[in-house]
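Enquirer: Data: data39.cif, mmCIF, C-alpha atoms.
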```cif
data_coords
#
loop_
_atom_site.group_PDB
_atom_site.id
_atom_site.type_symbol
_atom_site.label_atom_id
_atom_site.label_comp_id
_atom_site.auth_asym_id
_atom_site.auth_seq_id
_atom_site.Cartn_x
_atom_site.Cartn_y
_atom_site.Cartn_z
ATOM 1 C CA MET A 121 20.538 75.089 3.301
ATOM 2 C CA LYS A 122 23.641 73.691 4.938
ATOM 3 C CA PHE A 123 23.881 70.237 6.469
ATOM 4 C CA SER A 124 26.305 69.432 9.203
ATOM 5 C CA LEU A 125 28.483 66.381 8.881
ATOM 6 C CA ARG A 126 26.755 64.859 11.923
ATOM 7 C CA PHE A 127 23.315 65.334 10.359
ATOM 8 C CA LEU A 128 24.491 63.847 7.069
ATOM 9 C CA LEU A 129 25.944 60.779 8.831
ATOM 10 C CA LEU A 130 22.740 60.364 10.827
ATOM 11 C CA LEU A 131 20.689 60.575 7.635
ATOM 12 C CA ILE A 132 22.888 57.933 5.959
ATOM 13 C CA ALA A 133 22.605 55.666 9.031
ATOM 14 C CA VAL A 134 18.789 55.960 9.076
ATOM 15 C CA ALA A 135 18.589 55.297 5.330
ATOM 16 C CA SER A 136 20.878 52.253 5.725
ATOM 17 C CA LEU A 137 18.754 50.896 8.572
ATOM 18 C CA LEU A 138 15.584 51.323 6.521
ATOM 19 C CA CYS A 139 17.142 49.561 3.526
ATOM 20 C CA ALA A 140 18.487 46.714 5.674
ATOM 21 C CA SER A 141 15.085 46.326 7.336
ATOM 22 C CA ALA A 142 13.322 46.247 3.966
ATOM 23 C CA VAL A 143 15.747 43.624 2.629
ATOM 24 C CA GLY A 144 15.355 41.552 5.812
ATOM 25 C CA LEU A 145 11.570 41.702 5.651
ATOM 26 C CA LEU A 146 11.612 40.747 1.977
ATOM 27 C CA ARG A 147 13.841 37.740 2.735
ATOM 28 C CA LEU A 148 11.577 36.712 5.609
ATOM 29 C CA LYS A 149 8.503 36.997 3.372
ATOM 30 C CA ASN A 150 10.188 34.882 0.677
ATOM 31 C CA ARG A 151 11.260 32.265 3.224
ATOM 32 C CA ILE A 152 7.738 32.013 4.630
ATOM 33 C CA GLU A 153 6.223 31.731 1.147
ATOM 34 C CA GLU A 154 8.759 29.057 0.182
ATOM 35 C CA SER A 155 8.031 27.109 3.363
ATOM 36 C CA VAL A 156 4.301 27.156 2.660
ATOM 37 C CA LEU A 157 4.820 26.130 -0.972
ATOM 38 C CA ASN A 158 7.194 23.358 0.122
ATOM 39 C CA SER A 159 4.515 22.059 2.467
ATOM 40 C CA TYR A 160 2.215 21.519 -0.506
ATOM 41 C CA ARG A 161 5.024 20.158 -2.678
ATOM 42 C CA LEU A 162 5.888 17.572 -0.018
ATOM 43 C CA THR A 163 2.258 16.511 0.381
ATOM 44 C CA SER A 164 1.963 16.219 -3.412
ATOM 45 C CA THR A 165 5.108 14.098 -3.581
ATOM 46 C CA GLY A 166 3.706 11.674 -1.013
ATOM 47 C CA HIS A 167 0.445 11.411 -2.962
ATOM 48 C CA LEU A 168 2.299 10.888 -6.248
ATOM 49 C CA PHE A 169 4.292 8.059 -4.670
ATOM 50 C CA LEU A 170 1.118 6.387 -3.423
ATOM 51 C CA GLU A 171 -0.712 6.846 -6.737
ATOM 52 C CA TYR A 172 2.281 5.450 -8.620
ATOM 53 C CA LYS A 173 2.368 2.394 -6.334
ATOM 54 C CA ASP A 174 -1.399 1.859 -6.545
ATOM 55 C CA ILE A 175 -1.454 1.972 -10.350
ATOM 56 C CA ASN A 176 1.873 0.267 -11.156
ATOM 57 C CA GLY A 177 2.133 -2.188 -8.258
ATOM 58 C CA ARG A 178 5.668 -1.056 -7.467
ATOM 59 C CA TRP A 179 7.465 2.026 -6.182
ATOM 60 C CA PRO A 180 9.050 4.562 -8.565
ATOM 61 C CA GLU A 181 12.796 4.095 -8.986
ATOM 62 C CA ASN A 182 13.686 7.631 -10.140
ATOM 63 C CA TRP A 183 12.298 11.003 -11.165
ATOM 64 C CA GLU A 184 11.937 9.803 -14.739
ATOM 65 C CA ASN A 185 9.489 7.090 -13.564
ATOM 66 C CA ILE A 186 7.422 9.724 -11.796
ATOM 67 C CA GLU A 187 7.484 12.140 -14.736
ATOM 68 C CA ALA A 188 6.515 9.388 -17.208
ATOM 69 C CA PHE A 189 3.724 8.324 -14.860
ATOM 70 C CA VAL A 190 2.420 11.878 -14.637
ATOM 71 C CA ALA A 191 2.681 12.318 -18.411
ATOM 72 C CA SER A 192 0.802 9.086 -19.136
ATOM 73 C CA ASN A 193 -1.908 9.600 -16.518
ATOM 74 C CA GLY A 194 -2.311 13.348 -17.029
ATOM 75 C CA SER A 195 -5.087 15.048 -15.145
ATOM 76 C CA GLN A 196 -5.973 11.847 -13.268
ATOM 77 C CA VAL A 197 -2.887 12.414 -11.125
ATOM 78 C CA GLY A 198 -3.079 15.120 -8.473
ATOM 79 C CA ASP A 199 -0.723 18.080 -8.961
ATOM 80 C CA ALA A 200 0.454 16.718 -12.314
ATOM 81 C CA GLU A 201 0.951 20.221 -13.690
ATOM 82 C CA TYR A 202 3.456 21.018 -10.915
ATOM 83 C CA ILE A 203 5.823 18.062 -11.391
ATOM 84 C CA GLY A 204 8.670 20.264 -12.676
ATOM 85 C CA GLU A 205 8.326 22.590 -9.712
ATOM 86 C CA ILE A 206 8.131 19.653 -7.305
ATOM 87 C CA ARG A 207 11.300 18.128 -8.769
ATOM 88 C CA GLU A 208 13.092 21.473 -8.496
ATOM 89 C CA HIS A 209 12.289 21.883 -4.787
ATOM 90 C CA VAL A 210 11.967 18.340 -3.421
ATOM 91 C CA THR A 211 14.638 15.693 -2.906
ATOM 92 C CA ILE A 212 13.831 11.981 -3.037
ATOM 93 C CA ASP A 213 16.375 9.384 -1.926
ATOM 94 C CA PHE A 214 15.748 6.750 -4.577
ATOM 95 C CA SER A 215 18.635 4.656 -3.229
ATOM 96 C CA ILE A 216 16.445 3.475 -0.334
ATOM 97 C CA ASP A 217 15.096 -0.022 -0.937
ATOM 98 C CA LEU A 218 11.485 0.408 0.143
ATOM 99 C CA TYR A 219 10.901 -3.339 -0.035
ATOM 100 C CA SER A 220 13.418 -3.977 2.748
ATOM 101 C CA ILE A 221 12.219 -1.353 5.257
ATOM 102 C CA ASP A 222 11.469 -2.749 8.721
ATOM 103 C CA THR A 223 7.855 -1.689 9.297
ATOM 104 C CA SER A 224 7.436 -3.394 12.657
ATOM 105 C CA ARG A 225 7.567 -0.232 14.735
ATOM 106 C CA PRO A 226 5.045 2.603 14.711
ATOM 107 C CA TRP A 227 5.783 5.957 13.109
ATOM 108 C CA SER A 228 7.636 8.411 15.336
ATOM 109 C CA ASP A 229 8.109 12.081 14.479
ATOM 110 C CA SER A 230 11.058 12.262 16.876
ATOM 111 C CA GLU A 231 12.792 9.238 15.305
ATOM 112 C CA PRO A 232 11.244 8.672 11.872
ATOM 113 C CA PRO A 233 11.912 5.160 10.575
ATOM 114 C CA LEU A 234 11.941 6.474 6.984
ATOM 115 C CA ARG A 235 13.421 9.626 5.446
ATOM 116 C CA LEU A 236 12.768 9.287 1.755
ATOM 117 C CA VAL A 237 11.341 12.703 0.833
ATOM 118 C CA TRP A 238 12.303 16.213 1.961
ATOM 119 C CA ALA A 239 12.363 19.746 0.607
ATOM 120 C CA LYS A 240 15.741 21.068 -0.464
ATOM 121 C CA THR A 241 15.405 23.524 2.426
ATOM 122 C CA GLY A 242 15.393 20.551 4.836
ATOM 123 C CA GLN A 243 11.665 20.635 5.555
ATOM 124 C CA THR A 244 10.072 17.172 5.848
ATOM 125 C CA TYR A 245 6.490 17.845 6.913
ATOM 126 C CA GLY A 246 3.853 18.577 4.303
ATOM 127 C CA ALA A 247 0.731 20.723 4.429
ATOM 128 C CA THR A 248 -1.445 17.943 5.785
ATOM 129 C CA SER A 249 0.989 15.178 6.705
ATOM 130 C CA SER A 250 4.520 13.925 6.306
ATOM 131 C CA PRO A 251 5.051 12.247 2.934
ATOM 132 C CA ASN A 252 7.492 9.919 4.670
ATOM 133 C CA GLU A 253 4.835 8.923 7.176
ATOM 134 C CA VAL A 254 2.161 8.194 4.548
ATOM 135 C CA ILE A 255 4.637 6.141 2.505
ATOM 136 C CA TYR A 256 5.695 4.293 5.676
ATOM 137 C CA GLU A 257 2.056 3.582 6.522
ATOM 138 C CA LYS A 258 1.582 2.160 3.011
ATOM 139 C CA LEU A 259 4.641 -0.028 3.535
ATOM 140 C CA GLN A 260 3.148 -1.210 6.843
ATOM 141 C CA ASP A 261 -0.176 -1.926 5.147
ATOM 142 C CA ASP A 262 1.556 -3.864 2.347
ATOM 143 C CA ALA A 263 3.560 -5.880 4.917
ATOM 144 C CA GLN A 264 0.373 -6.674 6.844
ATOM 145 C CA LYS A 265 -1.402 -7.826 3.674
ATOM 146 C CA LYS A 266 1.580 -10.000 2.771
ATOM 147 C CA ARG A 267 1.598 -11.611 6.252
ATOM 148 C CA THR A 268 -2.133 -12.389 6.088
ATOM 149 C CA LYS A 269 -1.731 -14.035 2.662
ATOM 150 C CA GLU A 270 1.062 -16.321 3.867
#
```
Any chance you could give the structure as structure tokens?
Expert:
Amino acid sequence: MKFSLRFLLLLIAVASLLCASAVGLLRLKNRIEESVLNSYRLTSTGHLFLEYKDINGRWPENWENIEAFVASNGSQVGDAEYIGEIREHVTIDFSIDLYSIDTSRPWSDSEPPLRLVWAKTGQTYGATSSPNEVIYEKLQDDAQKKRTKE
């Protein structure tokens, strides 16, 4: 059976298109899965921050604080078993002084007053809420409690 050069080139082009499509679909699938996982990682990070603050009375200063907190509180802390994965995929700007944040304005998704936590892909919204928003709301609550005590 003889193949013409045209047929052979057409066969190679079709095979290349199929391979490129398969690679593209695989990348899309991986990106979607990573986005979904990051949503849960971000939500977990927000909860860890709040749990740390509730138990220690102060905000964590670095990843080591969070990891030590998770290690010492074990299964009492939500998503404790995923702390390594969270650290690998989530960025926290520990240089922000949370005690000096102006909490006088309401949260705005279009102009967030706090950007402390985000996925390394740039994603900032978690599965159920924004970790930045829940931390900001805690800061607002703490500021309100402080004003009522004074």
Enquirer: Mind pulling up the distance from CA of Leu157 in chain A to CA of Phe214 in chain A?
Expert: 22.5 Å
Enquirer: So that I can see what lies close to Leu236 in chain A, please list as a PyMOL selection string the residues with an atom at most 8 Å from it, counting all atoms listed in the file and leaving out residues fewer than 4 positions away in the same chain.
Expert: chain A and resi 212-214+216+252
Enquirer: Now that the selection is made, can you save its residues with C-alpha atoms as a PDB file, in the frame of the given file?
Expert:
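Below you can see again.pdb, which holds the result:
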```pdb
ATOM      1  CA  ILE A 212      13.831  11.981  -3.037  1.00  0.00           C
ATOM      2  CA  ASP A 213      16.375   9.384  -1.926  1.00  0.00           C
ATOM      3  CA  PHE A 214      15.748   6.750  -4.577  1.00  0.00           C
ATOM      4  CA  ILE A 216      16.445   3.475  -0.334  1.00  0.00           C
ATOM      5  CA  ASN A 252       7.492   9.919   4.670  1.00  0.00           C
TER       6      ASN A 252
END
```
Enquirer: Evaluate the PyMOL selection byres ((chain A and resi 207) around 10) and record the selected residues as a ChimeraX atom specification, following the chain and residue labels used in the document.
Expert: /A:161,165,183,186-187,202-206,208-212,239-240
Enquirer: Using all atoms listed in the file, can you tell me which of A:Trp227, A:Tyr172, A:Tyr245, A:Tyr219 comes closest to Lys266 in chain A?
Expert: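 Closest to Lys266 in chain A of all the choices is A:Tyr219.
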Enquirer: As an exercise, work out the distance from CA of Pro251 in chain A to CA of Leu162 in chain A in Å and give it to one decimal place.
Expert: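 So the answer is 6.1 Å.
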Enquirer: At what distance in Å, to one decimal, does CA of Asp262 in chain A lie from CA of Asp174 in chain A?
Expert: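 According to the coordinates, CA of Asp174 in chain A and CA of Asp262 in chain A are separated by 11.0 Å.
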